[in-house]
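**Q** First, the structure itself, so that you have it in front of you.
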Amino acid sequence: MISHRALLLAAASWTVLGGVAAAQSLPQPRELHVDDVIVTGAPFGVTDRASLLAVDVLDEEDLAVAPAATLGDLVNGLPGVRSTNFAPGASRPVIRGLSGPRVQVLTNGLGMIDASSVSPDHQVAVDPGEARRIEIVRGPSTLVFGGSAIGGVVNIIDDRIPTERPEGVDGHVSAQYSTVDDGSSLGARLKANAGPLVLTIDGFTREASDYDVPVFPESQRLLDEEGEEPGDERTVENTFVQLDQYGAGVSWIGPRGYVGFSAKHVDTTYGVPGHEHEHEEGEEGEEEAHGEEGVSIGLEQTRYDLRGELTFETGPFSAARLSAGWADYAHTEFEGDEIGTQFFSDGAEGRFELIQRERNGWQGVVGAQLLDRTFDAVGDEAYVPRTDISEQGLYTVQRFDRGGLGFEGGLRLDKRSLESVAAERDFSNVSASAGVFFRPTAPLFLGLSVARNERAPSEVELFAEGAHVATGAFEIGNIDLDSEVATSVEATVHFAKGPFEADLHAYSARYDGFIDLRPTGADDPDSGLPIFQYVQTDADFHGFEVEAEYRLWESGDRGLTLTGAADWVRATTDLGPAARIPPWSAAAGLDWTSRRVDAGVEVRHVGEQDRTAAFERPTDSYTLVSLKGAIRPFADRNVTVFAEASNLTDAEAREHASFQKDIAPLPGRSLRAGITWRF
């Protein structure tokens with residue numbers, strides 16, 4: 001009997017691919033979002049054509065047809081952005097070669113209050129399915145968010161607390177299915193007026209089985225080291241995902257602002273490949289009957305948010321904004337059916353901002369941020385003790401833009417305290433940035449910025465001591481670590497004239513006291529894992545990102561566009577190459593757009609990486625080819641049917657930034673199809 005998923009796939013594929021053939025072109029990859037107003041890093045709002053920050057935006061139309069995936073996998077492939085790719089259920093963004101505590105993942109400008117930065121097998125406690133918009137800011141000039149954003153920011157913006165009244169009822173329903181993992185997802189959200197209030201409700205569910213790959217999961221390099229031959233297996237075991245998320249919100253919206261409250265609950269279970277625990281051997285030296293048991297992770301978080309804004313008709317400030325979030329997070333590792341290690345994080349974060357009234361090209365914001373969080377771990381892999389964390393920050397960002405010439409600068413003061421049974425540490429940090437930009441001609445924007453950012457060590461870097469199976473190391477923290485200091489310079493070029501648009505960012509960053517995890521040369525006698533310790537050294541990061549598009553042909557609402565993008569980063573410390581630095585990549589695409597049909601093809605090549613740190617294997621280059629399209633069958637364009645064929649050549653691809661690259665390659669050839677309805 002044919003399943004409902006197969007029927008959905010067949011119907012959507014037939015409709016979309018038929019539309020593609022009618023268009024006599026190939027589907028549409030990512031476009032440059034010209035004149036988007038960016039709020040992440042600049043609360044007063046700056047368009048992407050006038051920003052010194054390196055920014056990419058996934059808007060509502062992008063997200064409506066995006067894969068149902070974790071955050072890291074969703075943004076992977078944007079210029080300068082990769083994924084930790086630890087498992088389909090757990091992947092965080094890697095920005096310019098940096099990840100973990102150096103990349104801040106936010107929801108509506110506030111931290112997640114989870115434990116996702118503690119370990120690469122920990123999922124971010126948010127699913128992109130709830131987002132109306134995602135802003136990815138690359139680089140350290142994000143003073144609004146403090147030292148934890150020294151590498152960049154990914155801000156997930158939802159509409160659970162409405163800021164505008166809908167005209168009647170506003171909503172969205174989406175569903176999709178993918179073949180490579182027998183994956184399906186269904187999501188919906190609704191917004192409606194209720195007298196002076198606006199109510200919202202949303203829900204999202206996703207499930208997927210173990211995914212297929214084109215080769216035996218273990219890399220040839222790993223097999224050669226083990227003296228083994230590849231088998232016939234073409235599935236990465238223990239990569240299933242099951243997620244349920246739901247929330248609701250209410251706002252009172254008046255003539256001078258709004259105030260609203262929301263609640264959200266996320267519950268997910270996912271497998272972690274290669275993360276097994278062996279049973280003890282019996283009296284005869286043989287492993288007990290169960291052998292090795294795969295580890296699955298159950299994550300739950302309940303979160304409450306409060307946000308509001310009050311506008312002023314006169315005075316130095318145009319608006320005051322308040323946002324606060326409270327969360328209770330639990331992460332449980334299951335060894336088979338038994339509870340293993342548990343991680344807990346609960347706390348609150350708040351932010352208050354005063355937006356300065358624009359006067360003769362002068363804009364600015366003054367703000368304060370507070371965080372109080374408790375992290376705890378219980379079980380055999382509780383390698384970090386209970387830690388109480390508090391942060392206080394004051395900041396200002398100022399911008400002066402008179403058209404032809406402008407200046408931008410910011411200053412932030414931070415205090416961070418961490419208290420555990422091992423020690424208590426206090427850090428006071430100062431971060432600052434300054435930039436200049438000018439427009440010699442109308443199509444051209446040139447900018448140069450410098451920044452000095454300080455990041456206090458995390459609880460893991462300070463207090464860790466124990467076996468960490470996810471990283472394959474016995475990790476030892478260093479309670480004497482000082483703050484990490486990054487001094488960076490970045491050049492920006494925006495160009496838009498006629499059919500051609502381009503965006504270029506070139507950067508260089510020097511890290512004083514770069515916190516690195518390095519091998520000691522010894523093994524832990526109990527776990528057998530190599531011992532790694534956190535140390536401080538100096539490091540240099542250099543790189544660039546470029547993306548461009550050229551409209552080959554336009555007629556009315558129809559157009560054919562050529563797109564391209566590339567990135568490169570090189571990172572070296574005084575102890576040698578930095579670990580898990582992504583190789584260069586380049587992509588080219590051809591897009592067809594029209595009122596009824598969008599279609600496109602994209603070819604992305606990722607280079608080999610042989611500059612590796614200790615205990616790290618090289619990775620080979622690979623090329624991925626994707627074909628995708630969408631059709632809007634009705635005149636009102638509210639319904640979109642879409643399909644995507646990814647990794648068409650079934651290429652072996654391994655993400656160098658991943659701890660799992662030698663046992664879990666990227667998925668093989670897959671067809672994904674779905675439908676969205678906005679009303």
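The chains in the structure tokens are called A, B, ... from first to last as shown; in each chain the residues are counted from 1, and the ligands are counted from 1 in the order shown.
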Quick one: residues within 12 Å of range 414-427 of chain A, only C-alpha atoms, excluding same-chain residues fewer than 3 positions away - as an mmCIF file with N, CA, C and O atoms, in the first residue's frame?
**A**
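What landed in part.cif:
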data_model
loop_
_atom_site.group_PDB
_atom_site.id
_atom_site.type_symbol
_atom_site.label_atom_id
_atom_site.label_comp_id
_atom_site.auth_asym_id
_atom_site.auth_seq_id
_atom_site.Cartn_x
_atom_site.Cartn_y
_atom_site.Cartn_z
ATOM 1 N N LEU A 143 28.735 44.251 19.467
ATOM 2 C CA LEU A 143 28.903 44.622 20.864
ATOM 3 C C LEU A 143 27.618 44.507 21.663
ATOM 4 O O LEU A 143 27.647 44.373 22.883
ATOM 5 N N VAL A 144 26.485 44.560 20.974
ATOM 6 C CA VAL A 144 25.208 44.480 21.672
ATOM 7 C C VAL A 144 25.095 43.178 22.460
ATOM 8 O O VAL A 144 24.438 43.118 23.490
ATOM 9 N N PHE A 145 25.782 42.116 22.011
ATOM 10 C CA PHE A 145 25.584 40.791 22.603
ATOM 11 C C PHE A 145 26.763 40.302 23.424
ATOM 12 O O PHE A 145 26.749 39.186 23.928
ATOM 13 N N GLY A 146 27.819 41.068 23.578
ATOM 14 C CA GLY A 146 28.881 40.733 24.499
ATOM 15 C C GLY A 146 29.887 39.740 23.966
ATOM 16 O O GLY A 146 29.907 39.379 22.788
ATOM 17 N N GLY A 147 30.750 39.266 24.891
ATOM 18 C CA GLY A 147 31.869 38.423 24.517
ATOM 19 C C GLY A 147 31.504 37.097 23.916
ATOM 20 O O GLY A 147 32.275 36.530 23.139
ATOM 21 N N SER A 148 30.328 36.561 24.257
ATOM 22 C CA SER A 148 29.930 35.270 23.695
ATOM 23 C C SER A 148 29.631 35.356 22.212
ATOM 24 O O SER A 148 29.421 34.333 21.570
ATOM 25 N N ALA A 368 21.314 47.887 28.470
ATOM 26 C CA ALA A 368 21.841 47.098 29.586
ATOM 27 C C ALA A 368 21.335 45.672 29.444
ATOM 28 O O ALA A 368 20.207 45.443 28.984
ATOM 29 N N GLN A 369 22.168 44.715 29.851
ATOM 30 C CA GLN A 369 21.833 43.301 29.741
ATOM 31 C C GLN A 369 22.195 42.598 31.040
ATOM 32 O O GLN A 369 23.265 42.842 31.615
ATOM 33 N N LEU A 370 21.315 41.715 31.495
ATOM 34 C CA LEU A 370 21.541 40.950 32.719
ATOM 35 C C LEU A 370 21.275 39.478 32.447
ATOM 36 O O LEU A 370 20.348 39.121 31.711
ATOM 37 N N LEU A 371 22.090 38.622 33.049
ATOM 38 C CA LEU A 371 21.915 37.171 32.929
ATOM 39 C C LEU A 371 22.203 36.521 34.265
ATOM 40 O O LEU A 371 23.195 36.852 34.936
ATOM 41 N N ASP A 372 21.350 35.587 34.652
ATOM 42 C CA ASP A 372 21.575 34.776 35.848
ATOM 43 C C ASP A 372 21.186 33.342 35.489
ATOM 44 O O ASP A 372 20.027 33.072 35.180
ATOM 45 N N ARG A 373 22.163 32.429 35.500
ATOM 46 C CA ARG A 373 21.926 31.069 35.024
ATOM 47 C C ARG A 373 22.673 30.079 35.903
ATOM 48 O O ARG A 373 23.767 30.359 36.386
ATOM 49 N N THR A 374 22.067 28.905 36.089
ATOM 50 C CA THR A 374 22.708 27.817 36.818
ATOM 51 C C THR A 374 22.838 26.612 35.903
ATOM 52 O O THR A 374 21.845 26.172 35.301
ATOM 53 N N PHE A 375 24.048 26.100 35.785
ATOM 54 C CA PHE A 375 24.309 24.895 35.001
ATOM 55 C C PHE A 375 24.696 23.771 35.951
ATOM 56 O O PHE A 375 25.457 23.965 36.898
ATOM 57 N N ASP A 376 24.168 22.565 35.674
ATOM 58 C CA ASP A 376 24.486 21.421 36.524
ATOM 59 C C ASP A 376 24.496 20.160 35.669
ATOM 60 O O ASP A 376 23.813 20.092 34.631
ATOM 61 N N ALA A 377 25.277 19.185 36.087
ATOM 62 C CA ALA A 377 25.353 17.903 35.393
ATOM 63 C C ALA A 377 25.433 16.790 36.426
ATOM 64 O O ALA A 377 26.117 16.923 37.447
ATOM 65 N N TYR A 383 31.263 15.898 33.523
ATOM 66 C CA TYR A 383 32.655 16.329 33.588
ATOM 67 C C TYR A 383 32.799 17.810 33.925
ATOM 68 O O TYR A 383 33.919 18.313 34.034
ATOM 69 N N VAL A 384 31.667 18.511 34.095
ATOM 70 C CA VAL A 384 31.685 19.915 34.513
ATOM 71 C C VAL A 384 30.831 20.032 35.768
ATOM 72 O O VAL A 384 29.678 19.591 35.778
ATOM 73 N N PRO A 385 31.349 20.602 36.861
ATOM 74 C CA PRO A 385 30.561 20.705 38.093
ATOM 75 C C PRO A 385 29.466 21.757 37.987
ATOM 76 O O PRO A 385 29.469 22.599 37.080
ATOM 77 N N ARG A 386 28.561 21.702 38.932
ATOM 78 C CA ARG A 386 27.507 22.722 39.012
ATOM 79 C C ARG A 386 28.154 24.104 39.071
ATOM 80 O O ARG A 386 29.090 24.353 39.846
ATOM 81 N N THR A 387 27.632 25.017 38.240
ATOM 82 C CA THR A 387 28.209 26.360 38.156
ATOM 83 C C THR A 387 27.093 27.396 38.131
ATOM 84 O O THR A 387 26.130 27.263 37.367
ATOM 85 N N ASP A 388 27.230 28.400 38.979
ATOM 86 C CA ASP A 388 26.326 29.547 38.954
ATOM 87 C C ASP A 388 26.992 30.656 38.155
ATOM 88 O O ASP A 388 28.136 31.042 38.440
ATOM 89 N N ILE A 389 26.274 31.184 37.169
ATOM 90 C CA ILE A 389 26.829 32.158 36.240
ATOM 91 C C ILE A 389 25.986 33.421 36.286
ATOM 92 O O ILE A 389 24.752 33.361 36.173
ATOM 93 N N SER A 390 26.632 34.547 36.417
ATOM 94 C CA SER A 390 25.915 35.823 36.357
ATOM 95 C C SER A 390 26.696 36.779 35.464
ATOM 96 O O SER A 390 27.934 36.767 35.453
ATOM 97 N N GLU A 391 25.966 37.593 34.713
ATOM 98 C CA GLU A 391 26.577 38.553 33.810
ATOM 99 C C GLU A 391 25.813 39.868 33.886
ATOM 100 O O GLU A 391 24.590 39.878 34.028
ATOM 101 N N GLN A 392 26.549 40.962 33.775
ATOM 102 C CA GLN A 392 25.956 42.291 33.665
ATOM 103 C C GLN A 392 26.720 43.023 32.567
ATOM 104 O O GLN A 392 27.952 42.981 32.521
ATOM 105 N N GLY A 393 25.989 43.682 31.701
ATOM 106 C CA GLY A 393 26.623 44.403 30.606
ATOM 107 C C GLY A 393 25.952 45.737 30.339
ATOM 108 O O GLY A 393 24.716 45.856 30.434
ATOM 109 N N LEU A 394 26.760 46.735 30.020
ATOM 110 C CA LEU A 394 26.280 48.039 29.579
ATOM 111 C C LEU A 394 26.902 48.317 28.219
ATOM 112 O O LEU A 394 28.099 48.054 28.012
ATOM 113 N N TYR A 395 26.124 48.864 27.290
ATOM 114 C CA TYR A 395 26.664 49.063 25.951
ATOM 115 C C TYR A 395 25.998 50.249 25.271
ATOM 116 O O TYR A 395 24.901 50.682 25.640
ATOM 117 N N LEU A 411 30.780 50.713 22.331
ATOM 118 C CA LEU A 411 31.532 50.418 23.546
ATOM 119 C C LEU A 411 30.671 49.530 24.434
ATOM 120 O O LEU A 411 29.459 49.745 24.558
ATOM 121 N N VAL A 430 36.187 44.847 28.621
ATOM 122 C CA VAL A 430 35.857 46.039 27.858
ATOM 123 C C VAL A 430 36.009 45.701 26.375
ATOM 124 O O VAL A 430 37.044 45.184 25.955
ATOM 125 N N SER A 431 34.975 45.960 25.599
ATOM 126 C CA SER A 431 35.018 45.739 24.157
ATOM 127 C C SER A 431 34.635 47.027 23.451
ATOM 128 O O SER A 431 33.801 47.793 23.946
ATOM 129 N N ALA A 432 35.248 47.259 22.287
ATOM 130 C CA ALA A 432 34.973 48.496 21.552
ATOM 131 C C ALA A 432 35.154 48.248 20.065
ATOM 132 O O ALA A 432 35.897 47.357 19.644
ATOM 133 N N ASN A 453 37.531 42.906 21.088
ATOM 134 C CA ASN A 453 36.509 42.209 21.865
ATOM 135 C C ASN A 453 37.148 41.303 22.902
ATOM 136 O O ASN A 453 38.131 40.612 22.609
ATOM 137 N N GLU A 454 36.574 41.299 24.090
ATOM 138 C CA GLU A 454 37.047 40.428 25.157
ATOM 139 C C GLU A 454 35.960 39.413 25.495
ATOM 140 O O GLU A 454 34.779 39.767 25.611
ATOM 141 N N ARG A 455 36.384 38.154 25.651
ATOM 142 C CA ARG A 455 35.458 37.069 26.005
ATOM 143 C C ARG A 455 35.957 36.369 27.255
ATOM 144 O O ARG A 455 37.087 35.874 27.299
ATOM 145 N N ALA A 456 35.106 36.304 28.277
ATOM 146 C CA ALA A 456 35.454 35.559 29.483
ATOM 147 C C ALA A 456 35.357 34.062 29.212
ATOM 148 O O ALA A 456 34.532 33.616 28.405
ATOM 149 N N PRO A 457 36.180 33.237 29.854
ATOM 150 C CA PRO A 457 36.107 31.785 29.650
ATOM 151 C C PRO A 457 34.751 31.234 30.074
ATOM 152 O O PRO A 457 34.070 31.780 30.949
ATOM 153 N N SER A 458 34.372 30.123 29.450
ATOM 154 C CA SER A 458 33.112 29.452 29.802
ATOM 155 C C SER A 458 33.331 28.507 30.977
ATOM 156 O O SER A 458 34.465 28.227 31.391
ATOM 157 N N GLU A 459 32.238 27.979 31.505
ATOM 158 C CA GLU A 459 32.321 27.033 32.619
ATOM 159 C C GLU A 459 33.079 25.773 32.229
ATOM 160 O O GLU A 459 33.782 25.171 33.049
ATOM 161 N N VAL A 460 32.963 25.346 30.974
ATOM 162 C CA VAL A 460 33.685 24.158 30.523
ATOM 163 C C VAL A 460 35.179 24.437 30.470
ATOM 164 O O VAL A 460 35.999 23.635 30.937
ATOM 165 N N GLU A 461 35.568 25.563 29.896
ATOM 166 C CA GLU A 461 36.988 25.890 29.755
ATOM 167 C C GLU A 461 37.666 26.067 31.110
ATOM 168 O O GLU A 461 38.862 25.780 31.255
ATOM 169 N N LEU A 462 36.918 26.506 32.112
ATOM 170 C CA LEU A 462 37.492 26.718 33.438
ATOM 171 C C LEU A 462 37.484 25.458 34.297
ATOM 172 O O LEU A 462 38.495 25.120 34.934
ATOM 173 N N PHE A 463 36.352 24.745 34.331
ATOM 174 C CA PHE A 463 36.139 23.757 35.391
ATOM 175 C C PHE A 463 36.038 22.312 34.920
ATOM 176 O O PHE A 463 35.867 21.407 35.745
ATOM 177 N N ALA A 464 36.121 22.041 33.624
ATOM 178 C CA ALA A 464 35.947 20.668 33.139
ATOM 179 C C ALA A 464 37.005 19.732 33.729
ATOM 180 O O ALA A 464 38.177 20.104 33.883
ATOM 181 N N GLU A 465 36.596 18.526 34.033
ATOM 182 C CA GLU A 465 37.532 17.472 34.430
ATOM 183 C C GLU A 465 36.812 16.135 34.350
ATOM 184 O O GLU A 465 36.067 15.762 35.248
ATOM 185 N N GLY A 477 39.876 21.368 32.509
ATOM 186 C CA GLY A 477 39.807 22.814 32.440
ATOM 187 C C GLY A 477 41.003 23.477 33.095
ATOM 188 O O GLY A 477 41.907 22.823 33.622
ATOM 189 N N ASN A 478 40.998 24.791 33.069
ATOM 190 C CA ASN A 478 42.100 25.562 33.630
ATOM 191 C C ASN A 478 41.517 26.761 34.360
ATOM 192 O O ASN A 478 41.046 27.714 33.733
ATOM 193 N N ILE A 479 41.531 26.698 35.690
ATOM 194 C CA ILE A 479 40.886 27.758 36.470
ATOM 195 C C ILE A 479 41.684 29.057 36.433
ATOM 196 O O ILE A 479 41.200 30.093 36.911
ATOM 197 N N ASP A 480 42.878 29.040 35.842
ATOM 198 C CA ASP A 480 43.697 30.246 35.772
ATOM 199 C C ASP A 480 43.573 30.977 34.443
ATOM 200 O O ASP A 480 44.326 31.927 34.182
ATOM 201 N N LEU A 481 42.644 30.553 33.597
ATOM 202 C CA LEU A 481 42.488 31.201 32.298
ATOM 203 C C LEU A 481 42.108 32.669 32.455
ATOM 204 O O LEU A 481 41.326 33.035 33.333
ATOM 205 N N ASP A 482 42.656 33.501 31.577
ATOM 206 C CA ASP A 482 42.267 34.905 31.498
ATOM 207 C C ASP A 482 41.266 35.085 30.357
ATOM 208 O O ASP A 482 41.006 34.160 29.578
ATOM 209 N N SER A 483 40.734 36.278 30.231
ATOM 210 C CA SER A 483 39.817 36.564 29.131
ATOM 211 C C SER A 483 40.557 36.492 27.799
ATOM 212 O O SER A 483 41.740 36.833 27.700
ATOM 213 N N GLU A 484 39.845 36.049 26.800
ATOM 214 C CA GLU A 484 40.353 35.979 25.435
ATOM 215 C C GLU A 484 40.124 37.332 24.769
ATOM 216 O O GLU A 484 39.026 37.894 24.858
#
**Q** Pick out each residue of range 375-419 of chain A that DSSP on the backbone tags as strand (DSSP E or B); I need them as a short mmCIF file (atom, residue, chain, number, x, y, z; two decimals) with N, CA, C and O atoms, in the first residue's frame.
**A**
data_model
loop_
_atom_site.label_atom_id
_atom_site.label_comp_id
_atom_site.auth_asym_id
_atom_site.auth_seq_id
_atom_site.Cartn_x
_atom_site.Cartn_y
_atom_site.Cartn_z
N PHE A 375 24.05 26.10 35.79
CA PHE A 375 24.31 24.90 35.00
C PHE A 375 24.70 23.77 35.95
O PHE A 375 25.46 23.97 36.90
N ASP A 376 24.17 22.56 35.67
CA ASP A 376 24.49 21.42 36.52
C ASP A 376 24.50 20.16 35.67
O ASP A 376 23.81 20.09 34.63
N ALA A 377 25.28 19.19 36.09
CA ALA A 377 25.35 17.90 35.39
C ALA A 377 25.43 16.79 36.43
O ALA A 377 26.12 16.92 37.45
N VAL A 378 24.73 15.68 36.13
CA VAL A 378 24.68 14.54 37.05
C VAL A 378 24.88 13.27 36.25
O VAL A 378 24.21 13.07 35.23
N THR A 387 27.63 25.02 38.24
CA THR A 387 28.21 26.36 38.16
C THR A 387 27.09 27.40 38.13
O THR A 387 26.13 27.26 37.37
N ASP A 388 27.23 28.40 38.98
CA ASP A 388 26.33 29.55 38.95
C ASP A 388 26.99 30.66 38.16
O ASP A 388 28.14 31.04 38.44
N ILE A 389 26.27 31.18 37.17
CA ILE A 389 26.83 32.16 36.24
C ILE A 389 25.99 33.42 36.29
O ILE A 389 24.75 33.36 36.17
N SER A 390 26.63 34.55 36.42
CA SER A 390 25.92 35.82 36.36
C SER A 390 26.70 36.78 35.46
O SER A 390 27.93 36.77 35.45
N GLU A 391 25.97 37.59 34.71
CA GLU A 391 26.58 38.55 33.81
C GLU A 391 25.81 39.87 33.89
O GLU A 391 24.59 39.88 34.03
N GLN A 392 26.55 40.96 33.78
CA GLN A 392 25.96 42.29 33.66
C GLN A 392 26.72 43.02 32.57
O GLN A 392 27.95 42.98 32.52
N GLY A 393 25.99 43.68 31.70
CA GLY A 393 26.62 44.40 30.61
C GLY A 393 25.95 45.74 30.34
O GLY A 393 24.72 45.86 30.43
N LEU A 394 26.76 46.74 30.02
CA LEU A 394 26.28 48.04 29.58
C LEU A 394 26.90 48.32 28.22
O LEU A 394 28.10 48.05 28.01
N TYR A 395 26.12 48.86 27.29
CA TYR A 395 26.66 49.06 25.95
C TYR A 395 26.00 50.25 25.27
O TYR A 395 24.90 50.68 25.64
N THR A 396 26.70 50.74 24.27
CA THR A 396 26.14 51.74 23.38
C THR A 396 26.71 51.53 21.99
O THR A 396 27.88 51.16 21.84
N VAL A 397 25.89 51.74 20.98
CA VAL A 397 26.31 51.70 19.58
C VAL A 397 25.82 52.99 18.94
O VAL A 397 24.64 53.35 19.09
N GLN A 398 26.70 53.70 18.24
CA GLN A 398 26.38 54.99 17.64
C GLN A 398 26.74 54.97 16.16
O GLN A 398 27.74 54.37 15.75
N ARG A 399 25.93 55.66 15.35
CA ARG A 399 26.16 55.71 13.91
C ARG A 399 25.80 57.10 13.40
O ARG A 399 24.74 57.65 13.73
N PHE A 400 26.70 57.64 12.58
CA PHE A 400 26.49 58.94 11.95
C PHE A 400 26.61 58.74 10.44
O PHE A 400 27.66 58.33 9.94
N ASP A 401 25.53 59.03 9.71
CA ASP A 401 25.50 58.77 8.27
C ASP A 401 24.92 59.99 7.58
O ASP A 401 23.73 60.28 7.68
N LEU A 405 29.49 60.11 3.55
CA LEU A 405 30.48 59.70 4.55
C LEU A 405 29.78 59.39 5.86
O LEU A 405 28.79 60.04 6.22
N GLY A 406 30.30 58.41 6.58
CA GLY A 406 29.69 58.07 7.84
C GLY A 406 30.67 57.39 8.78
O GLY A 406 31.74 56.92 8.38
N PHE A 407 30.28 57.35 10.06
CA PHE A 407 31.10 56.74 11.09
C PHE A 407 30.20 55.86 11.97
O PHE A 407 29.00 56.11 12.12
N GLU A 408 30.81 54.85 12.55
CA GLU A 408 30.07 53.96 13.44
C GLU A 408 31.00 53.50 14.54
O GLU A 408 32.20 53.27 14.31
N GLY A 409 30.49 53.39 15.74
CA GLY A 409 31.32 52.94 16.85
C GLY A 409 30.48 52.40 17.99
O GLY A 409 29.26 52.63 18.05
N GLY A 410 31.13 51.68 18.87
CA GLY A 410 30.42 51.11 20.00
C GLY A 410 31.35 50.82 21.15
O GLY A 410 32.58 50.70 20.99
N LEU A 411 30.78 50.71 22.33
CA LEU A 411 31.53 50.42 23.55
C LEU A 411 30.67 49.53 24.43
O LEU A 411 29.46 49.74 24.56
N ARG A 412 31.30 48.52 25.05
CA ARG A 412 30.56 47.63 25.94
C ARG A 412 31.44 47.30 27.15
O ARG A 412 32.63 47.01 27.01
N LEU A 413 30.82 47.36 28.33
CA LEU A 413 31.45 46.96 29.58
C LEU A 413 30.72 45.73 30.10
O LEU A 413 29.49 45.73 30.20
N ASP A 414 31.48 44.69 30.44
CA ASP A 414 30.89 43.43 30.90
C ASP A 414 31.52 42.98 32.20
O ASP A 414 32.74 43.15 32.41
N LYS A 415 30.69 42.38 33.03
CA LYS A 415 31.18 41.69 34.23
C LYS A 415 30.57 40.29 34.23
O LYS A 415 29.36 40.15 34.08
N ARG A 416 31.40 39.27 34.38
CA ARG A 416 30.94 37.88 34.37
C ARG A 416 31.53 37.17 35.58
O ARG A 416 32.73 37.25 35.83
N SER A 417 30.66 36.48 36.32
CA SER A 417 31.07 35.73 37.50
C SER A 417 30.66 34.28 37.34
O SER A 417 29.53 33.99 36.93
N LEU A 418 31.59 33.36 37.66
CA LEU A 418 31.32 31.93 37.60
C LEU A 418 31.76 31.31 38.93
O LEU A 418 32.91 31.48 39.34
N GLU A 419 30.85 30.61 39.58
CA GLU A 419 31.13 30.02 40.88
C GLU A 419 30.78 28.54 40.86
O GLU A 419 29.66 28.16 40.53
#
**Q** Counting only C-alpha atoms, which residue out of A:Gly129, A:Gly674, A:Gly109, A:Pro101 sits closest to Thr179 in chain A?
**A**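 Using only C-alpha atoms, Thr179 in chain A sits closest to A:Gly674.
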**Q** Please measure the separation of CA of Arg672 in chain A and CA of Ala66 in chain A, giving the value in Å to one decimal.
**A**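 Computing the Euclidean distance for CA of Arg672 in chain A and CA of Ala66 in chain A yields 10.0 Å.
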**Q** Neighbouring residues of Leu575 in chain A were defined as those with any atom within 10 Å, considering only C-alpha atoms; residues of the same chain fewer than 4 positions away were excluded. Please report them as a list in words.
**A**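 My list of contacting residues is Asp516, Arg518, Gln536, Thr537, Asp538, Ala539 and Ala613 of chain A.
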**Q** Would you export the selected residues with N, CA, C and O atoms as a PDB file, in the first residue's frame, please?
**A**
ATOM      1  N   ASP A 516      42.334  27.276  23.844  1.00  0.00           N
ATOM      2  CA  ASP A 516      42.406  26.131  22.949  1.00  0.00           C
ATOM      3  C   ASP A 516      42.472  24.849  23.770  1.00  0.00           C
ATOM      4  O   ASP A 516      43.041  24.828  24.871  1.00  0.00           O
ATOM      5  N   ARG A 518      44.087  21.305  23.890  1.00  0.00           N
ATOM      6  CA  ARG A 518      45.243  20.662  23.287  1.00  0.00           C
ATOM      7  C   ARG A 518      45.616  19.372  24.020  1.00  0.00           C
ATOM      8  O   ARG A 518      45.438  19.264  25.239  1.00  0.00           O
ATOM      9  N   GLN A 536      46.081  28.565  26.917  1.00  0.00           N
ATOM     10  CA  GLN A 536      45.973  29.823  26.199  1.00  0.00           C
ATOM     11  C   GLN A 536      47.201  30.040  25.338  1.00  0.00           C
ATOM     12  O   GLN A 536      48.335  29.792  25.763  1.00  0.00           O
ATOM     13  N   THR A 537      46.954  30.489  24.123  1.00  0.00           N
ATOM     14  CA  THR A 537      47.999  30.755  23.161  1.00  0.00           C
ATOM     15  C   THR A 537      47.552  31.947  22.328  1.00  0.00           C
ATOM     16  O   THR A 537      46.511  32.538  22.594  1.00  0.00           O
ATOM     17  N   ASP A 538      48.331  32.312  21.348  1.00  0.00           N
ATOM     18  CA  ASP A 538      47.925  33.365  20.417  1.00  0.00           C
ATOM     19  C   ASP A 538      47.498  32.726  19.108  1.00  0.00           C
ATOM     20  O   ASP A 538      47.972  31.646  18.738  1.00  0.00           O
ATOM     21  N   ALA A 539      46.605  33.384  18.392  1.00  0.00           N
ATOM     22  CA  ALA A 539      46.071  32.814  17.154  1.00  0.00           C
ATOM     23  C   ALA A 539      45.777  33.922  16.160  1.00  0.00           C
ATOM     24  O   ALA A 539      45.492  35.067  16.545  1.00  0.00           O
ATOM     25  N   ALA A 613      45.003  19.794  13.140  1.00  0.00           N
ATOM     26  CA  ALA A 613      45.604  19.758  14.470  1.00  0.00           C
ATOM     27  C   ALA A 613      45.826  18.301  14.881  1.00  0.00           C
ATOM     28  O   ALA A 613      45.471  17.362  14.166  1.00  0.00           O
TER      29      ALA A 613
END
